[in-house]
>>> print(open('query_31.cif').read())   # mmCIF, C-alpha atoms; chains and numbers go by the auth columns
data_my_file
loop_
_atom_site.group_PDB
_atom_site.id
_atom_site.type_symbol
_atom_site.label_atom_id
_atom_site.label_comp_id
_atom_site.label_asym_id
_atom_site.label_seq_id
_atom_site.Cartn_x
_atom_site.Cartn_y
_atom_site.Cartn_z
_atom_site.B_iso_or_equiv
_atom_site.auth_seq_id
_atom_site.auth_asym_id
ATOM 1 C CA MET A 1 -17.394 33.676 -11.622 0.00 1 A
ATOM 2 C CA SER A 2 -16.280 30.601 -13.539 0.00 2 A
ATOM 3 C CA ARG A 3 -18.586 27.632 -13.989 0.00 3 A
ATOM 4 C CA ASP A 4 -16.312 25.486 -11.766 0.00 4 A
ATOM 5 C CA LEU A 5 -16.421 28.012 -8.945 0.00 5 A
ATOM 6 C CA MET A 6 -20.193 28.276 -9.245 0.00 6 A
ATOM 7 C CA ARG A 7 -20.391 24.486 -8.973 0.00 7 A
ATOM 8 C CA ALA A 8 -18.126 24.580 -5.926 0.00 8 A
ATOM 9 C CA GLN A 9 -20.448 27.102 -4.286 0.00 9 A
ATOM 10 C CA GLU A 10 -23.463 24.902 -5.061 0.00 10 A
ATOM 11 C CA ILE A 11 -21.753 21.909 -3.482 0.00 11 A
ATOM 12 C CA LYS A 12 -20.850 23.896 -0.386 0.00 12 A
ATOM 13 C CA ALA A 13 -24.438 25.070 -0.075 0.00 13 A
ATOM 14 C CA LEU A 14 -25.650 21.468 -0.328 0.00 14 A
ATOM 15 C CA VAL A 15 -23.254 20.343 2.391 0.00 15 A
ATOM 16 C CA ARG A 16 -24.131 23.318 4.588 0.00 16 A
ATOM 17 C CA ASP A 17 -27.862 22.649 4.277 0.00 17 A
ATOM 18 C CA ALA A 18 -27.447 18.924 4.901 0.00 18 A
ATOM 19 C CA TYR A 19 -25.444 19.445 8.096 0.00 19 A
ATOM 20 C CA ARG A 20 -27.832 22.121 9.343 0.00 20 A
ATOM 21 C CA ALA A 21 -30.731 19.709 8.834 0.00 21 A
ATOM 22 C CA VAL A 22 -29.181 16.885 10.862 0.00 22 A
ATOM 23 C CA ASN A 23 -31.263 15.988 13.870 0.00 23 A
ATOM 24 C CA GLY A 24 -31.615 12.951 16.048 0.00 24 A
ATOM 25 C CA SER A 25 -28.929 11.108 17.940 0.00 25 A
ATOM 26 C CA THR A 26 -25.991 9.390 16.270 0.00 26 A
ATOM 27 C CA THR A 27 -24.649 7.872 19.471 0.00 27 A
ATOM 28 C CA ARG A 28 -24.508 4.487 17.694 0.00 28 A
ATOM 29 C CA VAL A 29 -21.874 5.939 15.364 0.00 29 A
ATOM 30 C CA ALA A 30 -19.781 7.043 18.338 0.00 30 A
ATOM 31 C CA GLU A 31 -20.116 3.621 19.975 0.00 31 A
ATOM 32 C CA ARG A 32 -18.827 1.917 16.814 0.00 32 A
ATOM 33 C CA LEU A 33 -15.758 4.133 16.521 0.00 33 A
ATOM 34 C CA TYR A 34 -14.532 4.846 20.039 0.00 34 A
ATOM 35 C CA SER A 35 -13.622 2.727 23.045 0.00 35 A
ATOM 36 C CA GLY A 36 -15.512 2.899 26.325 0.00 36 A
ATOM 37 C CA GLU A 37 -12.524 4.666 27.888 0.00 37 A
ATOM 38 C CA GLU A 38 -12.588 7.303 25.152 0.00 38 A
ATOM 39 C CA LEU A 39 -16.344 7.798 25.329 0.00 39 A
ATOM 40 C CA ALA A 40 -16.131 8.269 29.091 0.00 40 A
ATOM 41 C CA LEU A 41 -14.150 11.457 28.419 0.00 41 A
ATOM 42 C CA VAL A 42 -16.742 12.857 26.022 0.00 42 A
ATOM 43 C CA PRO A 43 -20.002 14.574 27.075 0.00 43 A
ATOM 44 C CA GLU A 44 -23.267 13.123 25.811 0.00 44 A
ATOM 45 C CA SER A 45 -23.868 16.270 23.756 0.00 45 A
ATOM 46 C CA ALA A 46 -20.836 15.391 21.618 0.00 46 A
ATOM 47 C CA ARG A 47 -21.449 11.636 21.493 0.00 47 A
ATOM 48 C CA SER A 48 -24.991 12.142 20.260 0.00 48 A
ATOM 49 C CA GLY A 49 -23.785 14.206 17.299 0.00 49 A
ATOM 50 C CA ALA A 50 -20.988 11.944 16.092 0.00 50 A
ATOM 51 C CA LEU A 51 -20.747 11.907 12.305 0.00 51 A
ATOM 52 C CA GLY A 52 -17.185 10.677 11.892 0.00 52 A
ATOM 53 C CA LEU A 53 -16.011 7.729 9.865 0.00 53 A
ATOM 54 C CA GLY A 54 -13.073 6.422 11.845 0.00 54 A
ATOM 55 C CA ASN A 55 -10.898 6.791 14.891 0.00 55 A
ATOM 56 C CA HIS A 56 -7.724 8.402 13.591 0.00 56 A
ATOM 57 C CA LEU A 57 -6.887 9.597 17.118 0.00 57 A
ATOM 58 C CA ARG A 58 -5.603 6.080 17.800 0.00 58 A
ATOM 59 C CA PHE A 59 -2.871 6.830 15.277 0.00 59 A
ATOM 60 C CA ALA A 60 -2.357 10.575 15.771 0.00 60 A
ATOM 61 C CA ARG A 61 0.839 11.492 17.594 0.00 61 A
ATOM 62 C CA ILE A 62 -0.464 14.234 19.885 0.00 62 A
ATOM 63 C CA GLU A 63 2.015 15.230 22.562 0.00 63 A
ATOM 64 C CA PRO A 64 1.267 17.217 25.733 0.00 64 A
ATOM 65 C CA GLY A 65 1.603 20.920 24.939 0.00 65 A
ATOM 66 C CA ALA A 66 0.857 20.452 21.235 0.00 66 A
ATOM 67 C CA THR A 67 -1.288 22.715 19.082 0.00 67 A
ATOM 68 C CA VAL A 68 -3.898 20.663 17.221 0.00 68 A
ATOM 69 C CA LEU A 69 -6.228 21.828 14.455 0.00 69 A
ATOM 70 C CA ASP A 70 -9.481 19.855 14.095 0.00 70 A
ATOM 71 C CA LEU A 71 -10.868 20.495 10.619 0.00 71 A
ATOM 72 C CA GLY A 72 -14.651 20.300 10.721 0.00 72 A
ATOM 73 C CA SER A 73 -15.075 19.791 14.442 0.00 73 A
ATOM 74 C CA GLY A 74 -18.818 19.059 14.249 0.00 74 A
ATOM 75 C CA SER A 75 -20.248 18.102 17.633 0.00 75 A
ATOM 76 C CA GLY A 76 -16.746 18.145 19.111 0.00 76 A
ATOM 77 C CA ILE A 77 -16.002 14.530 19.954 0.00 77 A
ATOM 78 C CA ASP A 78 -12.483 14.481 18.430 0.00 78 A
ATOM 79 C CA THR A 79 -11.755 18.010 19.676 0.00 79 A
ATOM 80 C CA VAL A 80 -12.504 16.929 23.243 0.00 80 A
ATOM 81 C CA LEU A 81 -10.407 13.770 22.983 0.00 81 A
ATOM 82 C CA ALA A 82 -7.481 15.685 21.434 0.00 82 A
ATOM 83 C CA ALA A 83 -7.729 18.410 24.099 0.00 83 A
ATOM 84 C CA HIS A 84 -7.397 15.795 26.826 0.00 84 A
ATOM 85 C CA ARG A 85 -4.176 14.616 25.166 0.00 85 A
ATOM 86 C CA THR A 86 -2.604 18.051 24.646 0.00 86 A
ATOM 87 C CA GLY A 87 -3.307 18.896 28.281 0.00 87 A
ATOM 88 C CA PRO A 88 -3.647 22.402 29.672 0.00 88 A
ATOM 89 C CA ASN A 89 -0.324 23.497 28.135 0.00 89 A
ATOM 90 C CA GLY A 90 -1.557 22.660 24.667 0.00 90 A
ATOM 91 C CA ARG A 91 -4.597 23.734 22.706 0.00 91 A
ATOM 92 C CA VAL A 92 -7.051 22.505 20.133 0.00 92 A
ATOM 93 C CA ILE A 93 -8.377 24.837 17.487 0.00 93 A
ATOM 94 C CA ALA A 94 -11.784 23.588 16.370 0.00 94 A
ATOM 95 C CA LEU A 95 -12.549 24.847 12.865 0.00 95 A
ATOM 96 C CA ASP A 96 -15.965 24.545 11.281 0.00 96 A
ATOM 97 C CA PHE A 97 -17.887 26.584 8.723 0.00 97 A
ATOM 98 C CA LEU A 98 -21.147 26.259 10.636 0.00 98 A
ATOM 99 C CA PRO A 99 -21.566 28.418 13.762 0.00 99 A
ATOM 100 C CA GLU A 100 -24.101 25.880 15.055 0.00 100 A
ATOM 101 C CA MET A 101 -21.447 23.156 15.014 0.00 101 A
ATOM 102 C CA LEU A 102 -18.902 25.401 16.705 0.00 102 A
ATOM 103 C CA GLU A 103 -21.400 26.105 19.475 0.00 103 A
ATOM 104 C CA ARG A 104 -21.814 22.337 19.947 0.00 104 A
ATOM 105 C CA THR A 105 -18.043 21.914 20.119 0.00 105 A
ATOM 106 C CA ALA A 106 -17.709 24.771 22.625 0.00 106 A
ATOM 107 C CA GLN A 107 -20.515 23.298 24.720 0.00 107 A
ATOM 108 C CA ALA A 108 -18.824 19.882 24.705 0.00 108 A
ATOM 109 C CA ALA A 109 -15.524 21.442 25.790 0.00 109 A
ATOM 110 C CA ARG A 110 -17.240 23.336 28.589 0.00 110 A
ATOM 111 C CA GLU A 111 -19.062 20.217 29.790 0.00 111 A
ATOM 112 C CA ALA A 112 -15.766 18.306 29.728 0.00 112 A
ATOM 113 C CA GLY A 113 -14.156 21.031 31.820 0.00 113 A
ATOM 114 C CA LEU A 114 -11.586 21.843 29.139 0.00 114 A
ATOM 115 C CA GLY A 115 -10.123 25.327 28.932 0.00 115 A
ATOM 116 C CA ASN A 116 -7.799 24.652 26.031 0.00 116 A
ATOM 117 C CA VAL A 117 -10.285 24.587 23.146 0.00 117 A
ATOM 118 C CA GLU A 118 -10.728 27.529 20.788 0.00 118 A
ATOM 119 C CA THR A 119 -13.322 27.693 18.058 0.00 119 A
ATOM 120 C CA LEU A 120 -12.702 29.162 14.623 0.00 120 A
ATOM 121 C CA GLU A 121 -15.460 29.815 12.096 0.00 121 A
ATOM 122 C CA ALA A 122 -13.804 29.387 8.728 0.00 122 A
ATOM 123 C CA GLU A 123 -13.663 27.302 5.583 0.00 123 A
ATOM 124 C CA MET A 124 -11.084 24.573 5.346 0.00 124 A
ATOM 125 C CA GLU A 125 -10.035 25.817 1.908 0.00 125 A
ATOM 126 C CA GLU A 126 -8.869 29.078 3.485 0.00 126 A
ATOM 127 C CA ILE A 127 -7.623 28.514 7.023 0.00 127 A
ATOM 128 C CA PRO A 128 -7.087 31.813 8.843 0.00 128 A
ATOM 129 C CA LEU A 129 -4.013 30.683 10.766 0.00 129 A
ATOM 130 C CA PRO A 130 -0.360 31.642 10.305 0.00 130 A
ATOM 131 C CA ASP A 131 2.112 29.465 8.464 0.00 131 A
ATOM 132 C CA ALA A 132 3.759 26.714 10.522 0.00 132 A
ATOM 133 C CA SER A 133 1.561 27.363 13.565 0.00 133 A
ATOM 134 C CA VAL A 134 0.120 23.884 14.163 0.00 134 A
ATOM 135 C CA ASP A 135 1.696 20.584 15.261 0.00 135 A
ATOM 136 C CA VAL A 136 -1.059 18.174 14.220 0.00 136 A
ATOM 137 C CA VAL A 137 -4.051 18.457 11.884 0.00 137 A
ATOM 138 C CA ILE A 138 -6.892 16.032 12.486 0.00 138 A
ATOM 139 C CA SER A 139 -10.181 15.627 10.621 0.00 139 A
ATOM 140 C CA ASN A 140 -12.924 13.033 10.490 0.00 140 A
ATOM 141 C CA GLY A 141 -14.967 12.532 7.340 0.00 141 A
ATOM 142 C CA VAL A 142 -14.700 16.146 6.309 0.00 142 A
ATOM 143 C CA ILE A 143 -12.103 16.585 3.562 0.00 143 A
ATOM 144 C CA ASN A 144 -14.187 14.459 1.196 0.00 144 A
ATOM 145 C CA LEU A 145 -16.949 17.078 1.472 0.00 145 A
ATOM 146 C CA SER A 146 -14.846 19.775 -0.150 0.00 146 A
ATOM 147 C CA PRO A 147 -15.095 20.441 -3.875 0.00 147 A
ATOM 148 C CA ARG A 148 -11.468 21.671 -3.638 0.00 148 A
ATOM 149 C CA LYS A 149 -9.667 18.864 -1.828 0.00 149 A
ATOM 150 C CA ALA A 150 -6.205 19.717 -3.185 0.00 150 A
ATOM 151 C CA ARG A 151 -6.633 23.246 -1.861 0.00 151 A
ATOM 152 C CA VAL A 152 -7.609 21.892 1.592 0.00 152 A
ATOM 153 C CA LEU A 153 -4.504 19.696 1.735 0.00 153 A
ATOM 154 C CA ALA A 154 -2.290 22.577 0.604 0.00 154 A
ATOM 155 C CA GLU A 155 -3.705 24.693 3.421 0.00 155 A
ATOM 156 C CA CYS A 156 -3.032 21.889 5.909 0.00 156 A
ATOM 157 C CA ALA A 157 0.584 21.752 4.706 0.00 157 A
ATOM 158 C CA ARG A 158 0.902 25.523 5.040 0.00 158 A
ATOM 159 C CA VAL A 159 -0.334 25.744 8.640 0.00 159 A
ATOM 160 C CA LEU A 160 1.597 22.681 9.835 0.00 160 A
ATOM 161 C CA ARG A 161 5.065 23.282 11.192 0.00 161 A
ATOM 162 C CA PRO A 162 7.890 21.415 9.458 0.00 162 A
ATOM 163 C CA GLY A 163 7.715 17.854 10.752 0.00 163 A
ATOM 164 C CA GLY A 164 4.111 18.299 11.858 0.00 164 A
ATOM 165 C CA GLU A 165 1.582 15.627 10.958 0.00 165 A
ATOM 166 C CA LEU A 166 -1.808 15.298 9.376 0.00 166 A
ATOM 167 C CA CYS A 167 -3.843 12.345 10.640 0.00 167 A
ATOM 168 C CA VAL A 168 -7.342 12.001 9.259 0.00 168 A
ATOM 169 C CA SER A 169 -10.209 9.600 8.693 0.00 169 A
ATOM 170 C CA ASP A 170 -12.040 9.979 5.432 0.00 170 A
ATOM 171 C CA LEU A 171 -14.286 8.223 2.957 0.00 171 A
ATOM 172 C CA THR A 172 -12.866 6.939 -0.291 0.00 172 A
ATOM 173 C CA ILE A 173 -14.932 5.597 -3.135 0.00 173 A
ATOM 174 C CA ASP A 174 -14.146 4.152 -6.502 0.00 174 A
ATOM 175 C CA GLU A 175 -16.481 6.130 -8.727 0.00 175 A
ATOM 176 C CA GLU A 176 -16.373 3.466 -11.430 0.00 176 A
ATOM 177 C CA ASP A 177 -18.133 1.098 -9.023 0.00 177 A
ATOM 178 C CA LEU A 178 -21.133 3.352 -8.439 0.00 178 A
ATOM 179 C CA PRO A 179 -24.009 4.147 -10.803 0.00 179 A
ATOM 180 C CA PRO A 180 -24.176 7.754 -12.065 0.00 180 A
ATOM 181 C CA GLU A 181 -27.626 8.237 -10.484 0.00 181 A
ATOM 182 C CA VAL A 182 -26.003 7.640 -7.069 0.00 182 A
ATOM 183 C CA LEU A 183 -22.889 9.696 -7.747 0.00 183 A
ATOM 184 C CA THR A 184 -24.897 12.714 -8.854 0.00 184 A
ATOM 185 C CA HIS A 185 -27.534 12.563 -6.121 0.00 185 A
ATOM 186 C CA PRO A 186 -27.331 15.753 -4.014 0.00 186 A
ATOM 187 C CA ALA A 187 -27.183 13.812 -0.740 0.00 187 A
ATOM 188 C CA ALA A 188 -24.137 11.927 -2.002 0.00 188 A
ATOM 189 C CA TRP A 189 -22.117 15.125 -1.710 0.00 189 A
ATOM 190 C CA ALA A 190 -22.910 15.497 1.952 0.00 190 A
ATOM 191 C CA GLY A 191 -22.777 11.826 2.864 0.00 191 A
ATOM 192 C CA MET B 1 -12.335 10.397 -4.334 0.00 1 B
ATOM 193 C CA ALA B 2 -10.456 7.131 -4.584 0.00 2 B
ATOM 194 C CA GLU B 3 -7.711 6.288 -2.094 0.00 3 B
ATOM 195 C CA ARG B 4 -5.040 6.553 -4.808 0.00 4 B
ATOM 196 C CA ASP B 5 -6.252 10.082 -5.635 0.00 5 B
ATOM 197 C CA PHE B 6 -6.206 11.096 -1.977 0.00 6 B
ATOM 198 C CA VAL B 7 -2.630 9.842 -1.611 0.00 7 B
ATOM 199 C CA ALA B 8 -1.630 11.595 -4.855 0.00 8 B
ATOM 200 C CA LYS B 9 -3.071 14.892 -3.615 0.00 9 B
ATOM 201 C CA LEU B 10 -1.150 14.532 -0.343 0.00 10 B
ATOM 202 C CA ASP B 11 1.997 13.893 -2.328 0.00 11 B
ATOM 203 C CA ARG B 12 1.368 16.967 -4.503 0.00 12 B
ATOM 204 C CA ALA B 13 0.887 19.042 -1.336 0.00 13 B
ATOM 205 C CA ARG B 14 4.428 17.873 -0.453 0.00 14 B
ATOM 206 C CA PHE B 15 3.523 15.623 2.428 0.00 15 B
ATOM 207 C CA SER B 16 5.948 12.774 3.064 0.00 16 B
ATOM 208 C CA LYS B 17 5.773 9.422 4.858 0.00 17 B
ATOM 209 C CA ILE B 18 2.180 8.970 3.706 0.00 18 B
ATOM 210 C CA GLU B 19 0.668 5.920 5.395 0.00 19 B
ATOM 211 C CA VAL B 20 -2.800 4.435 5.023 0.00 20 B
ATOM 212 C CA LEU B 21 -3.137 2.902 8.464 0.00 21 B
ATOM 213 C CA GLU B 22 -6.672 1.546 8.397 0.00 22 B
ATOM 214 C CA ARG B 23 -9.218 0.541 5.786 0.00 23 B
ATOM 215 C CA LYS B 24 -12.796 -0.265 6.801 0.00 24 B
ATOM 216 C CA PRO B 25 -15.347 -1.129 4.121 0.00 25 B
ATOM 217 C CA MET B 26 -18.616 0.801 4.303 0.00 26 B
ATOM 218 C CA SER B 27 -21.836 -0.927 3.332 0.00 27 B
ATOM 219 C CA ILE B 28 -25.168 0.672 2.548 0.00 28 B
ATOM 220 C CA ASP B 29 -26.329 -0.423 6.010 0.00 29 B
ATOM 221 C CA ASP B 30 -23.362 1.458 7.513 0.00 30 B
ATOM 222 C CA CYS B 31 -24.340 4.558 5.536 0.00 31 B
ATOM 223 C CA ALA B 32 -27.868 4.314 6.955 0.00 32 B
ATOM 224 C CA LEU B 33 -26.482 5.118 10.414 0.00 33 B
ATOM 225 C CA TYR B 34 -25.691 8.620 9.180 0.00 34 B
ATOM 226 C CA PRO B 35 -28.602 11.054 8.748 0.00 35 B
ATOM 227 C CA LEU B 36 -26.668 12.730 5.928 0.00 36 B
ATOM 228 C CA PHE B 37 -27.600 9.813 3.694 0.00 37 B
ATOM 229 C CA ASP B 38 -31.282 10.453 3.176 0.00 38 B
ATOM 230 C CA ASP B 39 -33.893 7.758 2.550 0.00 39 B
ATOM 231 C CA GLU B 40 -34.099 8.615 -1.139 0.00 40 B
ATOM 232 C CA LEU B 41 -30.381 8.055 -1.657 0.00 41 B
ATOM 233 C CA LEU B 42 -30.361 4.861 0.403 0.00 42 B
ATOM 234 C CA THR B 43 -33.285 3.480 -1.609 0.00 43 B
ATOM 235 C CA LEU B 44 -31.555 4.426 -4.846 0.00 44 B
ATOM 236 C CA MET B 45 -28.355 2.692 -3.768 0.00 45 B
ATOM 237 C CA ARG B 46 -30.199 -0.480 -2.749 0.00 46 B
ATOM 238 C CA LYS B 47 -32.031 -0.504 -6.075 0.00 47 B
ATOM 239 C CA LEU B 48 -29.144 0.279 -8.426 0.00 48 B
ATOM 240 C CA ILE B 49 -26.043 -1.241 -6.826 0.00 49 B
ATOM 241 C CA VAL B 50 -25.635 -4.956 -7.361 0.00 50 B
ATOM 242 C CA PRO B 51 -26.054 -6.956 -4.112 0.00 51 B
ATOM 243 C CA GLU B 52 -22.435 -8.152 -3.962 0.00 52 B
ATOM 244 C CA LYS B 53 -21.250 -4.534 -4.084 0.00 53 B
ATOM 245 C CA GLN B 54 -23.693 -3.295 -1.446 0.00 54 B
ATOM 246 C CA ARG B 55 -21.421 -4.548 1.321 0.00 55 B
ATOM 247 C CA GLU B 56 -18.611 -2.240 0.182 0.00 56 B
ATOM 248 C CA ILE B 57 -19.703 0.925 -1.557 0.00 57 B
ATOM 249 C CA GLY B 58 -16.790 2.850 -0.095 0.00 58 B
ATOM 250 C CA VAL B 59 -13.899 2.485 2.309 0.00 59 B
ATOM 251 C CA ALA B 60 -13.267 4.575 5.414 0.00 60 B
ATOM 252 C CA ILE B 61 -9.532 5.079 5.668 0.00 61 B
ATOM 253 C CA VAL B 62 -7.167 6.555 8.225 0.00 62 B
ATOM 254 C CA VAL B 63 -4.231 8.385 6.677 0.00 63 B
ATOM 255 C CA ARG B 64 -1.210 9.881 8.378 0.00 64 B
ATOM 256 C CA ALA B 65 1.361 12.045 6.626 0.00 65 B
ATOM 257 C CA ARG B 66 4.244 14.271 7.634 0.00 66 B
ATOM 258 C CA ASN B 67 4.780 17.863 6.571 0.00 67 B
#
>>> encode(input="query_31.cif", output="structure tokens")
Amino acid sequence: MSRDLMRAQEIKALVRDAYRAVNGSTTRVAERLYSGEELALVPESARSGALGLGNHLRFARIEPGATVLDLGSGSGIDTVLAAHRTGPNGRVIALDFLPEMLERTAQAAREAGLGNVETLEAEMEEIPLPDASVDVVISNGVINLSPRKARVLAECARVLRPGGELCVSDLTIDEEDLPPEVLTHPAAWAG
Amino acid sequence: MAERDFVAKLDRARFSKIEVLERKPMSIDDCALYPLFDDELLTLMRKLIVPEKQREIGVAIVVRARN
């Protein structure tokens, strides 16, 4: 294995461990990002695990009947909101690399009474879906966690149908503005 | 990853109509809401980042692009 791939595996392990260790409620994050009307559609189990950075769903063009892929579904807040918009004739595929997160998403969908959510345990660098099978890709603070971001975006392009859209929230930083001790801190990869 | 690098990667993946629709600065206090930023990292950031930069250590963006 090349040194770069070994580093990528180390980073993934760091992110995996950090997300597994998350405990406590992050409802305050959800309250900052989503409107009261949106939060009313989302079960407490999803609100209390919100780790997103923005509300890209305000900009995502999700039509009834659409197929939506949520990359890194986490506690399921965006999956639930997207599933309400696709309606019963559409579906949301919630992808996450942690089974624990997928169980939270599935629980949130059940509590919301949604039958159009599927969970998919996979890595976003290798999405096990056919070409041109998705109308909209959404993601919230997840792509920045990948050590292979170009690969993730190429996979999004592959699974999206022609004319389909990616609409994501993510964290950008200007590395020149941050001290090396911060940039190289293990928690900085997961945060 | 800087915003310009994100947009460049989208362009290289052959997305079109790339739009950055929202930019929200993130301060260290904002980061503290997320348990993924542990106390050690938060303390390090408060110690090493100059005060005027602590209000914007990153920017949360919303990007939309067409395949």
>>> residues_around(input="query_31.cif", residues="B:Val20", least_positions_apart="4", cutoff="10 Å", atoms="all atoms listed in the file", output="compact mmCIF listing (two decimals) with C-alpha atoms, keeping the file's coordinate frame")
# COMPACT_ATOMS: atom_id res chain seq x y z
CA CYS A 167 -3.84 12.34 10.64
CA VAL A 168 -7.34 12.00 9.26
CA SER A 169 -10.21 9.60 8.69
CA GLU B 3 -7.71 6.29 -2.09
CA VAL B 7 -2.63 9.84 -1.61
CA ILE B 61 -9.53 5.08 5.67
CA VAL B 62 -7.17 6.56 8.22
CA VAL B 63 -4.23 8.38 6.68
CA ARG B 64 -1.21 9.88 8.38
CA ALA B 65 1.36 12.04 6.63
>>> closest_atom_pairs(input="query_31.cif", of="chain A", to="chain B", cutoff="8 Å", atoms="all atoms listed in the file", output="JSON lines")
{"residue": "A:Ala18", "atom": "CA", "partner": "B:Leu36", "partner_atom": "CA", "distance": 6.3}
{"residue": "A:Tyr19", "atom": "CA", "partner": "B:Leu36", "partner_atom": "CA", "distance": 7.2}
{"residue": "A:Val22", "atom": "CA", "partner": "B:Pro35", "partner_atom": "CA", "distance": 6.2}
{"residue": "A:Asn23", "atom": "CA", "partner": "B:Pro35", "partner_atom": "CA", "distance": 7.6}
{"residue": "A:Thr26", "atom": "CA", "partner": "B:Tyr34", "partner_atom": "CA", "distance": 7.1}
{"residue": "A:Arg28", "atom": "CA", "partner": "B:Leu33", "partner_atom": "CA", "distance": 7.6}
{"residue": "A:Val29", "atom": "CA", "partner": "B:Leu33", "partner_atom": "CA", "distance": 6.8}
{"residue": "A:Leu51", "atom": "CA", "partner": "B:Tyr34", "partner_atom": "CA", "distance": 6.7}
{"residue": "A:Leu53", "atom": "CA", "partner": "B:Ala60", "partner_atom": "CA", "distance": 6.1}
{"residue": "A:Gly54", "atom": "CA", "partner": "B:Ala60", "partner_atom": "CA", "distance": 6.7}
{"residue": "A:Asn55", "atom": "CA", "partner": "B:Val62", "partner_atom": "CA", "distance": 7.6}
{"residue": "A:His56", "atom": "CA", "partner": "B:Val62", "partner_atom": "CA", "distance": 5.7}
{"residue": "A:Phe59", "atom": "CA", "partner": "B:Arg64", "partner_atom": "CA", "distance": 7.7}
{"residue": "A:Ala60", "atom": "CA", "partner": "B:Arg64", "partner_atom": "CA", "distance": 7.5}
{"residue": "A:Asn144", "atom": "CA", "partner": "B:Met1", "partner_atom": "CA", "distance": 7.1}
{"residue": "A:Lys149", "atom": "CA", "partner": "B:Lys9", "partner_atom": "CA", "distance": 7.9}
{"residue": "A:Ala150", "atom": "CA", "partner": "B:Lys9", "partner_atom": "CA", "distance": 5.8}
{"residue": "A:Leu153", "atom": "CA", "partner": "B:Ala13", "partner_atom": "CA", "distance": 6.2}
{"residue": "A:Ala154", "atom": "CA", "partner": "B:Ala13", "partner_atom": "CA", "distance": 5.1}
{"residue": "A:Ala157", "atom": "CA", "partner": "B:Asn67", "partner_atom": "CA", "distance": 6.0}
{"residue": "A:Leu160", "atom": "CA", "partner": "B:Asn67", "partner_atom": "CA", "distance": 6.6}
{"residue": "A:Arg161", "atom": "CA", "partner": "B:Asn67", "partner_atom": "CA", "distance": 7.1}
{"residue": "A:Pro162", "atom": "CA", "partner": "B:Asn67", "partner_atom": "CA", "distance": 5.5}
{"residue": "A:Gly163", "atom": "CA", "partner": "B:Asn67", "partner_atom": "CA", "distance": 5.1}
{"residue": "A:Gly164", "atom": "CA", "partner": "B:Asn67", "partner_atom": "CA", "distance": 5.3}
{"residue": "A:Glu165", "atom": "CA", "partner": "B:Arg66", "partner_atom": "CA", "distance": 4.5}
{"residue": "A:Leu166", "atom": "CA", "partner": "B:Ala65", "partner_atom": "CA", "distance": 5.3}
{"residue": "A:Cys167", "atom": "CA", "partner": "B:Arg64", "partner_atom": "CA", "distance": 4.3}
{"residue": "A:Val168", "atom": "CA", "partner": "B:Val63", "partner_atom": "CA", "distance": 5.4}
{"residue": "A:Ser169", "atom": "CA", "partner": "B:Val62", "partner_atom": "CA", "distance": 4.3}
{"residue": "A:Asp170", "atom": "CA", "partner": "B:Ile61", "partner_atom": "CA", "distance": 5.5}
{"residue": "A:Leu171", "atom": "CA", "partner": "B:Ala60", "partner_atom": "CA", "distance": 4.5}
{"residue": "A:Thr172", "atom": "CA", "partner": "B:Ala2", "partner_atom": "CA", "distance": 4.9}
{"residue": "A:Ile173", "atom": "CA", "partner": "B:Gly58", "partner_atom": "CA", "distance": 4.5}
{"residue": "A:Asp174", "atom": "CA", "partner": "B:Ala2", "partner_atom": "CA", "distance": 5.1}
{"residue": "A:Glu175", "atom": "CA", "partner": "B:Ala2", "partner_atom": "CA", "distance": 7.4}
{"residue": "A:Asp177", "atom": "CA", "partner": "B:Ile57", "partner_atom": "CA", "distance": 7.6}
{"residue": "A:Leu178", "atom": "CA", "partner": "B:Ile49", "partner_atom": "CA", "distance": 6.9}
{"residue": "A:Pro179", "atom": "CA", "partner": "B:Leu48", "partner_atom": "CA", "distance": 6.9}
{"residue": "A:Glu181", "atom": "CA", "partner": "B:Leu44", "partner_atom": "CA", "distance": 7.9}
{"residue": "A:Val182", "atom": "CA", "partner": "B:Met45", "partner_atom": "CA", "distance": 6.4}
{"residue": "A:His185", "atom": "CA", "partner": "B:Leu41", "partner_atom": "CA", "distance": 7.0}
{"residue": "A:Ala187", "atom": "CA", "partner": "B:Phe37", "partner_atom": "CA", "distance": 6.0}
{"residue": "A:Ala188", "atom": "CA", "partner": "B:Phe37", "partner_atom": "CA", "distance": 7.0}
{"residue": "A:Ala190", "atom": "CA", "partner": "B:Leu36", "partner_atom": "CA", "distance": 6.1}
{"residue": "A:Gly191", "atom": "CA", "partner": "B:Leu36", "partner_atom": "CA", "distance": 5.0}
>>> atom_distance(input="query_31.cif", atom1="atom CA of A:Ile62", atom2="atom CA of A:Gly113")
19.4 Å
>>> atom_distance(input="query_31.cif", atom1="atom CA of A:Ala109", atom2="atom CA of A:Ala132")
25.2 Å
>>> resolve_selection(input="query_31.cif", expression="the PyMOL selection byres ((chain A and resi 123) around 9)", output="JSON, numbers by chain")
{"A": [71, 72, 95, 96, 97, 121, 122, 124, 125, 126, 127, 128]}
>>> atom_distance(input="query_31.cif", atom1="atom CA of A:Leu41", atom2="atom CA of A:Leu81")
7.0 Å
>>> closest_residue(input="query_31.cif", among="A:Leu129, A:Ile77, A:Gln9, A:Val15", to="A:Glu31", atoms="only C-alpha atoms")
A:Ile77
>>> closest_residue(input="query_31.cif", among="A:Leu102, A:Ala94, A:Ala82, A:Val68", to="A:Val137", atoms="all atoms listed in the file")
A:Val68
>>> resolve_selection(input="query_31.cif", expression="the PyMOL selection byres ((chain A and resi 119) around 10)", output="list in words")
Leu69, Asp70, Ser73, Thr79, Val92, Ile93, Ala94, Leu95, Asp96, Pro99, Met101, Leu102, Glu103, Thr105, Ala106, Val117, Glu118, Leu120, Glu121 and Ala122 of chain A
>>> residues_near_point(input="query_31.cif", point="(-14.5, 18.4, 29.1)", cutoff="8 Å", atoms="all atoms listed in the file", output="VMD selection string")
chain A and resid 41 to 43 80 84 108 to 114
